[in-house]
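Q: This is my_file_14.txt, which holds compact mmCIF, C-alpha atoms:
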```txt
# COMPACT_ATOMS: atom_id res chain seq x y z
CA MET A 175 -159.94 -130.27 -53.95
CA THR A 176 -159.39 -133.94 -53.14
CA GLN A 177 -160.01 -136.77 -55.57
CA ASP A 178 -162.90 -138.08 -53.40
CA THR A 179 -164.57 -134.65 -53.50
CA GLU A 180 -164.19 -134.47 -57.28
CA LEU A 181 -165.73 -137.95 -57.68
CA ALA A 182 -168.62 -137.06 -55.38
CA GLN A 183 -169.32 -133.89 -57.38
CA GLU A 184 -169.17 -135.83 -60.68
CA GLU A 185 -171.61 -138.44 -59.30
CA GLN A 186 -174.02 -135.64 -58.41
CA LEU A 187 -173.79 -134.24 -61.95
CA THR A 188 -174.79 -137.51 -63.64
CA GLN A 189 -178.12 -139.30 -63.50
CA THR A 190 -179.32 -142.62 -64.87
CA THR A 191 -182.56 -143.62 -66.55
CA LYS A 192 -183.92 -145.75 -69.40
CA LEU A 193 -184.49 -144.11 -72.80
CA LYS A 194 -185.35 -144.84 -76.42
CA PHE A 195 -183.94 -142.56 -79.08
CA TYR A 196 -185.61 -141.23 -82.22
CA THR A 197 -184.22 -139.50 -85.30
CA SER A 198 -184.77 -135.75 -85.18
CA GLU A 199 -186.57 -134.38 -88.22
CA THR A 200 -184.53 -131.17 -87.98
CA THR A 201 -180.98 -132.46 -87.41
CA GLY A 202 -181.17 -136.11 -88.47
CA GLN A 203 -179.45 -137.03 -85.18
CA LEU A 204 -180.75 -139.42 -82.52
CA ILE A 205 -182.45 -137.56 -79.65
CA SER A 206 -184.73 -138.26 -76.74
CA PHE A 207 -186.58 -136.26 -74.09
CA VAL A 208 -186.88 -136.46 -70.31
CA TYR A 209 -188.86 -134.78 -67.58
CA ILE A 210 -188.02 -134.48 -63.90
CA THR A 211 -190.42 -136.29 -61.56
CA LYS A 212 -191.56 -134.85 -58.20
CA THR A 213 -188.90 -137.02 -56.55
CA GLY A 214 -186.18 -135.56 -58.79
CA LEU A 215 -185.72 -138.58 -61.06
CA LEU A 216 -185.40 -138.33 -64.83
CA LYS A 217 -187.99 -140.25 -66.86
CA GLY A 218 -188.23 -140.64 -70.62
CA VAL A 219 -191.09 -138.87 -72.37
CA ARG A 220 -192.26 -138.44 -75.96
CA GLU A 221 -191.44 -135.25 -77.82
CA ASP A 222 -195.12 -134.32 -78.16
CA SER A 223 -195.76 -134.64 -74.40
CA ASP A 224 -197.24 -131.69 -72.51
CA ARG A 225 -194.80 -132.25 -69.63
CA ASN A 226 -192.02 -129.76 -68.96
CA LYS A 227 -189.33 -131.73 -70.77
CA LYS A 228 -185.68 -131.34 -71.69
CA ILE A 229 -183.86 -132.68 -74.73
CA VAL A 230 -181.29 -135.49 -74.53
CA VAL A 231 -178.52 -135.66 -77.15
CA LEU A 232 -175.72 -138.15 -77.68
CA SER A 233 -172.10 -137.39 -76.88
CA PRO A 234 -169.86 -137.39 -79.99
CA GLU A 235 -168.41 -140.80 -79.00
CA LEU A 236 -171.86 -142.42 -79.06
CA LYS A 237 -173.37 -140.84 -82.19
CA ASP A 238 -172.70 -143.81 -84.49
CA SER A 239 -173.18 -146.63 -81.98
CA LEU A 240 -176.83 -146.34 -80.89
CA LYS A 241 -179.92 -147.43 -82.80
CA PRO A 242 -183.37 -145.85 -82.87
CA ASN A 243 -186.29 -147.47 -81.01
CA VAL A 244 -184.03 -149.59 -78.77
CA LEU A 245 -184.34 -149.17 -75.00
CA TYR A 246 -181.06 -148.20 -73.31
CA ASP A 247 -179.85 -147.77 -69.74
CA VAL A 248 -178.21 -144.36 -69.99
CA GLU A 249 -176.02 -142.14 -67.86
CA LEU A 250 -176.75 -138.46 -68.44
CA ALA A 251 -174.81 -135.29 -67.69
CA ASP A 252 -176.28 -131.79 -67.61
CA MET A 253 -175.63 -129.56 -70.61
CA ARG A 254 -173.69 -126.45 -69.63
CA SER A 255 -176.61 -124.35 -70.92
CA GLY A 256 -179.00 -126.20 -68.58
CA LYS A 257 -181.42 -126.83 -71.48
CA GLY A 258 -180.98 -130.59 -71.56
CA TYR A 259 -178.70 -133.57 -71.06
CA ILE A 260 -175.86 -135.33 -72.85
CA VAL A 261 -175.63 -139.13 -72.88
CA LYS A 262 -172.28 -140.20 -71.41
CA SER A 263 -172.89 -143.95 -71.67
CA ALA A 264 -175.61 -146.23 -73.02
CA THR A 265 -176.16 -149.96 -72.69
CA PRO A 266 -179.03 -151.80 -74.42
CA VAL A 267 -181.61 -153.18 -71.98
CA LEU A 268 -181.95 -156.96 -72.34
CA PHE A 269 -185.10 -158.66 -71.07
CA GLN A 270 -185.39 -162.24 -69.87
CA ALA A 271 -187.84 -164.08 -72.11
CA SER A 272 -190.24 -166.87 -71.25
CA VAL A 273 -191.47 -169.28 -73.94
CA ASN A 274 -194.84 -170.96 -73.41
CA LYS A 275 -196.96 -173.39 -75.42
CA ARG A 276 -200.77 -173.51 -75.15
CA ILE A 277 -202.87 -176.22 -76.76
CA ILE A 278 -206.62 -176.77 -76.62
CA PRO A 279 -207.14 -179.62 -79.11
CA ARG A 280 -208.65 -178.51 -82.42
CA LYS A 281 -209.20 -174.96 -81.06
CA VAL A 282 -206.01 -173.28 -79.85
CA TYR A 283 -202.41 -173.98 -80.88
CA LYS A 284 -200.16 -171.17 -79.74
CA VAL A 285 -196.53 -170.60 -78.73
CA SER A 286 -195.50 -167.27 -77.22
CA ALA A 287 -192.20 -165.65 -76.31
CA LYS A 288 -192.75 -162.86 -73.76
CA PHE A 289 -190.09 -160.35 -72.75
CA GLY A 290 -190.44 -156.94 -71.12
CA ASN A 291 -193.90 -155.72 -72.15
CA LYS A 292 -193.66 -157.35 -75.60
CA ALA A 293 -194.68 -160.75 -76.96
CA ILE A 294 -194.13 -162.65 -80.20
CA PHE A 295 -196.61 -165.39 -81.06
CA PHE A 296 -196.78 -168.37 -83.36
CA ASP A 297 -200.50 -168.93 -83.79
CA PRO A 298 -201.18 -170.94 -86.98
CA LEU A 299 -204.95 -170.92 -86.43
CA GLY A 300 -205.64 -167.41 -85.19
CA GLY A 301 -202.59 -165.40 -86.30
CA LYS A 302 -203.49 -162.19 -88.08
CA SER A 303 -200.21 -161.69 -89.97
CA ASP A 304 -197.43 -163.79 -91.48
CA SER A 305 -195.23 -162.98 -88.48
CA SER A 306 -197.69 -164.71 -86.13
CA ARG A 307 -199.38 -167.22 -88.45
CA THR A 308 -196.19 -168.77 -89.92
CA LEU A 309 -193.28 -170.30 -88.06
CA GLN A 310 -190.85 -168.67 -90.46
CA GLY A 311 -192.46 -165.25 -89.83
CA ALA A 312 -192.48 -165.67 -86.05
CA LEU A 313 -188.82 -166.76 -86.04
CA LYS A 314 -187.89 -163.79 -88.24
CA ALA A 315 -189.67 -161.40 -85.84
CA LEU A 316 -187.89 -162.97 -82.87
CA GLU A 317 -184.48 -162.83 -84.56
CA ALA A 318 -184.97 -159.12 -85.35
CA ARG A 319 -185.35 -158.22 -81.65
CA GLU A 320 -182.32 -156.66 -80.02
CA ASP A 321 -183.69 -156.59 -76.49
CA ILE A 322 -183.76 -160.28 -75.54
CA ALA A 323 -181.19 -161.79 -73.19
CA ASP A 324 -179.73 -165.13 -74.37
CA LYS A 325 -181.54 -164.68 -77.68
CA GLU A 326 -180.10 -167.80 -79.35
CA LEU A 327 -181.37 -170.02 -76.52
CA VAL A 328 -184.78 -168.34 -76.59
CA ILE A 329 -185.04 -168.84 -80.37
CA ALA A 330 -184.04 -172.52 -80.06
CA ASP A 331 -186.63 -173.09 -77.30
CA PHE A 332 -189.30 -171.21 -79.29
CA LYS A 333 -188.62 -173.24 -82.44
CA GLU A 334 -188.64 -176.54 -80.54
CA LYS A 335 -192.01 -175.74 -78.93
CA CYS A 336 -193.42 -174.66 -82.30
CA LEU A 337 -192.36 -177.92 -83.96
CA GLU A 338 -193.94 -179.87 -81.07
CA LEU A 339 -197.11 -177.83 -81.60
CA LEU A 340 -197.14 -178.61 -85.35
CA ARG A 341 -196.70 -182.34 -84.65
CA ARG A 342 -199.57 -182.16 -82.14
CA MET A 343 -201.79 -180.41 -84.69
CA LYS A 344 -201.12 -183.24 -87.13
CA GLU A 345 -201.88 -185.84 -84.43
CA ASP A 346 -205.15 -184.02 -83.73
CA GLY A 347 -206.18 -184.58 -87.32
CA LEU A 348 -205.57 -181.17 -88.80
CA ASP A 349 -204.81 -181.23 -92.54
CA SER A 350 -201.16 -182.18 -93.06
CA ARG A 351 -201.08 -179.98 -96.15
CA LEU A 352 -200.63 -177.06 -93.76
CA TYR A 353 -196.93 -177.88 -93.60
CA ASP A 354 -194.17 -177.59 -96.11
CA LYS A 355 -191.03 -179.77 -96.11
CA LYS A 356 -189.40 -177.68 -93.35
CA TYR A 357 -192.43 -177.81 -91.02
CA MET A 358 -193.30 -174.22 -91.83
CA ILE A 359 -196.96 -173.25 -92.01
CA VAL A 360 -197.54 -171.88 -95.50
CA GLY A 361 -201.04 -170.48 -94.97
CA PHE A 362 -204.59 -171.77 -95.02
CA GLU A 363 -208.22 -170.83 -95.25
CA LYS A 364 -210.20 -171.46 -92.09
CA LYS A 365 -212.95 -173.22 -94.03
CA GLY A 366 -211.81 -176.79 -94.49
CA TRP A 367 -208.27 -176.16 -93.15
CA MET A 368 -206.92 -175.97 -96.68
CA VAL A 369 -203.74 -174.36 -97.94
CA SER A 370 -204.51 -171.05 -99.65
CA ALA A 371 -203.18 -170.50 -103.15
```
Could you rewrite the structure in this file as structure tokens?
A:
Amino acid sequence: MTQDTELAQEEQLTQTTKLKFYTSETTGQLISFVYITKTGLLKGVREDSDRNKKIVVLSPELKDSLKPNVLYDVELADMRSGKGYIVKSATPVLFQASVNKRIIPRKVYKVSAKFGNKAIFFDPLGGKSDSSRTLQGALKALEAREDIADKELVIADFKEKCLELLRRMKEDGLDSRLYDKKYMIVGFEKKGWMVSA
């Protein structure tokens, strides 16, 4: 058998797809599941799916290097038993992010970072949690993401737009007590725009 024939056969035995991994309740190892589409492609699927799925396990070399709930581009090889696939290589998927600022004076003050199908917001007026209502919380949420390309630049752009937004809020006559010394929103009650205790 020639080297070209061996390479061609190996290429036929491996397939690529995108997968997230979860910790198995039985083994404690990271696993995932795939099904085969009508066109013969492998697609990720949840464990509780009704589809005819196969398990995906990590090769021994990768067991300590992947993290749960992170999307990876993976290369899979068939298990000898035919019951599933083994991950030969995995690379985290990094999404390009766009940072946008939206201001409607005295009504809407919002900065968003969008990447993939996710978004992180800084919305001091309408945010429902600390991670969206406070600059510190939004920055912490952004820093925790592992799927953003050029993350440091995105964070710097996000922070700059947020600080511009805070200055604009102050110019628009919103209570300056909303800010602490580091320009972080510390919380407020909607009635009277006051800082909550």
Q: Residues at most 7 Å from Gln189 in chain A, counting all atoms listed in the file, excluding those fewer than 2 positions away in the same chain, as a ChimeraX atom specification?
A: /A:187,191,249-251
Q: Got a sec: who's within 6 Å of Asp247 in chain A, counting only C-alpha atoms, leaving out chain neighbours fewer than 4 positions off, as an MDAnalysis selection string?
A: chainID A and resid 191:192 264:265
Q: Would you list the residues near (-201.1, -173.4, -84.5) (no more than 8 Å away, in the coordinates of the file, using all atoms listed in the file) as a list in words?
A: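 Every residue inside that radius is included here: Val282, Tyr283, Lys284, Val285, Phe296, Asp297, Pro298, Leu299, Gly300, Arg307, Leu339, Leu340 and Met343 of chain A.
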Q: What is the distance between CA of Thr201 in chain A and CA of Pro242 in chain A, in Å to one decimal?
A: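 Between these atoms lies a distance of 14.3 Å.
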Q: For a test of reading the model, state the distance in Å between CA of Asn291 in chain A and CA of Gly214 in chain A, rounded to one decimal.
A: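 Going from CA of Asn291 in chain A over to CA of Gly214 in chain A, I get 25.4 Å.
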Q: Nearest residue to Asp224 in chain A out of A:Gly202, A:Tyr209, A:Leu245, A:Thr188, using all atoms listed in the file?
A: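 Looking at the shortest contact to Asp224 in chain A, the residue is A:Tyr209.
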Q: Write out as a list of chain:residue names each polymer residue whose atoms come within 6 Å of Phe269 in chain A, counting all atoms listed in the file; drop sequence neighbours fewer than 2 positions from it.
A: A:Phe289, A:Gly290, A:Asp321, A:Ile322, A:Ala323
Q: Could you pull the residues within 12 Å of Gly256 in chain A, counting all atoms listed in the file, minus those fewer than 6 positions along the same chain, as a PyMOL selection string?
A: chain A and resi 187+227-230
Q: Between CA of Leu327 in chain A and CA of Lys281 in chain A, what is the distance in Å, rounded to a tenth?
A: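 Distance between the two atoms: 28.6 Å.
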Q: List as a list in words the protein and nucleic acid residues near Gly347 in chain A, meaning an atom at most 10 Å away when all atoms listed in the file are counted, but skip any in the same chain fewer than 5 places from it.
A: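 Selected residues are Pro279, Arg280 and Arg342 of chain A.
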Q: In the coordinate frame of the file, compute which residues have an atom within 7 Å of (-198.0, -161.7, -84.1) when using only C-alpha atoms, and state them as a list of chain:residue names.
A: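 The residues that fall inside the cut-off are A:Ile294, A:Phe295, A:Phe296, A:Gly301, A:Lys302, A:Ser303, A:Ser305, A:Ser306.
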Q: Choose the residue, out of A:Leu268, A:Leu216, A:Ile260, A:Ala293, that has the smallest atom-to-atom separation from Glu235 in chain A; count all atoms listed in the file.
A: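 Using all atoms listed in the file, the shortest distance to Glu235 in chain A belongs to A:Ile260.
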Q: Return range 291-316 of chain A, completed with N, CA and C atoms, as a PDB file, keeping the file's coordinate frame.
A:
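Printed below is rebuild.pdb as written:
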```pdb
ATOM      1  N   ASN A 291    -192.452-155.835 -71.946  1.00  0.00           N
ATOM      2  CA  ASN A 291    -193.900-155.720 -72.150  1.00  0.00           C
ATOM      3  C   ASN A 291    -194.273-156.104 -73.579  1.00  0.00           C
ATOM      4  N   LYS A 292    -193.438-156.909 -74.222  1.00  0.00           N
ATOM      5  CA  LYS A 292    -193.660-157.350 -75.600  1.00  0.00           C
ATOM      6  C   LYS A 292    -193.881-158.860 -75.642  1.00  0.00           C
ATOM      7  N   ALA A 293    -194.491-159.310 -76.742  1.00  0.00           N
ATOM      8  CA  ALA A 293    -194.680-160.750 -76.960  1.00  0.00           C
ATOM      9  C   ALA A 293    -194.677-161.030 -78.452  1.00  0.00           C
ATOM     10  N   ILE A 294    -194.091-162.164 -78.814  1.00  0.00           N
ATOM     11  CA  ILE A 294    -194.130-162.650 -80.200  1.00  0.00           C
ATOM     12  C   ILE A 294    -194.821-164.001 -80.163  1.00  0.00           C
ATOM     13  N   PHE A 295    -195.791-164.181 -81.064  1.00  0.00           N
ATOM     14  CA  PHE A 295    -196.610-165.390 -81.060  1.00  0.00           C
ATOM     15  C   PHE A 295    -196.426-166.178 -82.346  1.00  0.00           C
ATOM     16  N   PHE A 296    -196.557-167.490 -82.215  1.00  0.00           N
ATOM     17  CA  PHE A 296    -196.780-168.370 -83.360  1.00  0.00           C
ATOM     18  C   PHE A 296    -198.160-168.954 -83.114  1.00  0.00           C
ATOM     19  N   ASP A 297    -199.107-168.546 -83.947  1.00  0.00           N
ATOM     20  CA  ASP A 297    -200.500-168.930 -83.790  1.00  0.00           C
ATOM     21  C   ASP A 297    -201.048-169.305 -85.167  1.00  0.00           C
ATOM     22  N   PRO A 298    -200.802-170.560 -85.616  1.00  0.00           N
ATOM     23  CA  PRO A 298    -201.180-170.940 -86.980  1.00  0.00           C
ATOM     24  C   PRO A 298    -202.680-170.896 -87.249  1.00  0.00           C
ATOM     25  N   LEU A 299    -203.504-170.953 -86.212  1.00  0.00           N
ATOM     26  CA  LEU A 299    -204.950-170.920 -86.430  1.00  0.00           C
ATOM     27  C   LEU A 299    -205.523-169.513 -86.336  1.00  0.00           C
ATOM     28  N   GLY A 300    -205.042-168.722 -85.413  1.00  0.00           N
ATOM     29  CA  GLY A 300    -205.640-167.410 -85.190  1.00  0.00           C
ATOM     30  C   GLY A 300    -204.735-166.234 -85.499  1.00  0.00           C
ATOM     31  N   GLY A 301    -203.522-166.494 -86.004  1.00  0.00           N
ATOM     32  CA  GLY A 301    -202.590-165.400 -86.300  1.00  0.00           C
ATOM     33  C   GLY A 301    -203.133-164.469 -87.360  1.00  0.00           C
ATOM     34  N   LYS A 302    -202.932-163.182 -87.167  1.00  0.00           N
ATOM     35  CA  LYS A 302    -203.490-162.190 -88.080  1.00  0.00           C
ATOM     36  C   LYS A 302    -202.493-161.719 -89.139  1.00  0.00           C
ATOM     37  N   SER A 303    -201.224-162.095 -88.994  1.00  0.00           N
ATOM     38  CA  SER A 303    -200.210-161.690 -89.970  1.00  0.00           C
ATOM     39  C   SER A 303    -199.243-162.850 -90.186  1.00  0.00           C
ATOM     40  N   ASP A 304    -198.417-162.736 -91.217  1.00  0.00           N
ATOM     41  CA  ASP A 304    -197.430-163.790 -91.480  1.00  0.00           C
ATOM     42  C   ASP A 304    -196.478-163.964 -90.306  1.00  0.00           C
ATOM     43  N   SER A 305    -196.185-162.874 -89.582  1.00  0.00           N
ATOM     44  CA  SER A 305    -195.230-162.980 -88.480  1.00  0.00           C
ATOM     45  C   SER A 305    -195.817-163.722 -87.280  1.00  0.00           C
ATOM     46  N   SER A 306    -197.129-163.900 -87.216  1.00  0.00           N
ATOM     47  CA  SER A 306    -197.690-164.710 -86.130  1.00  0.00           C
ATOM     48  C   SER A 306    -198.307-166.003 -86.647  1.00  0.00           C
ATOM     49  N   ARG A 307    -198.718-166.042 -87.902  1.00  0.00           N
ATOM     50  CA  ARG A 307    -199.380-167.220 -88.450  1.00  0.00           C
ATOM     51  C   ARG A 307    -198.386-168.249 -88.987  1.00  0.00           C
ATOM     52  N   THR A 308    -197.170-167.825 -89.372  1.00  0.00           N
ATOM     53  CA  THR A 308    -196.190-168.770 -89.920  1.00  0.00           C
ATOM     54  C   THR A 308    -195.009-168.903 -88.978  1.00  0.00           C
ATOM     55  N   LEU A 309    -194.456-170.081 -88.899  1.00  0.00           N
ATOM     56  CA  LEU A 309    -193.280-170.300 -88.060  1.00  0.00           C
ATOM     57  C   LEU A 309    -192.118-169.473 -88.574  1.00  0.00           C
ATOM     58  N   GLN A 310    -191.937-169.445 -89.871  1.00  0.00           N
ATOM     59  CA  GLN A 310    -190.850-168.670 -90.460  1.00  0.00           C
ATOM     60  C   GLN A 310    -190.994-167.186 -90.101  1.00  0.00           C
ATOM     61  N   GLY A 311    -192.216-166.656 -90.171  1.00  0.00           N
ATOM     62  CA  GLY A 311    -192.460-165.250 -89.830  1.00  0.00           C
ATOM     63  C   GLY A 311    -192.214-164.962 -88.366  1.00  0.00           C
ATOM     64  N   ALA A 312    -192.675-165.864 -87.492  1.00  0.00           N
ATOM     65  CA  ALA A 312    -192.480-165.670 -86.050  1.00  0.00           C
ATOM     66  C   ALA A 312    -190.998-165.724 -85.694  1.00  0.00           C
ATOM     67  N   LEU A 313    -190.260-166.672 -86.300  1.00  0.00           N
ATOM     68  CA  LEU A 313    -188.820-166.760 -86.040  1.00  0.00           C
ATOM     69  C   LEU A 313    -188.086-165.512 -86.537  1.00  0.00           C
ATOM     70  N   LYS A 314    -188.499-165.008 -87.693  1.00  0.00           N
ATOM     71  CA  LYS A 314    -187.890-163.790 -88.240  1.00  0.00           C
ATOM     72  C   LYS A 314    -188.131-162.600 -87.300  1.00  0.00           C
ATOM     73  N   ALA A 315    -189.345-162.481 -86.772  1.00  0.00           N
ATOM     74  CA  ALA A 315    -189.670-161.400 -85.840  1.00  0.00           C
ATOM     75  C   ALA A 315    -188.849-161.513 -84.560  1.00  0.00           C
ATOM     76  N   LEU A 316    -188.664-162.737 -84.084  1.00  0.00           N
ATOM     77  CA  LEU A 316    -187.890-162.970 -82.870  1.00  0.00           C
ATOM     78  C   LEU A 316    -186.405-162.653 -83.098  1.00  0.00           C
TER      79      LEU A 316
END
```
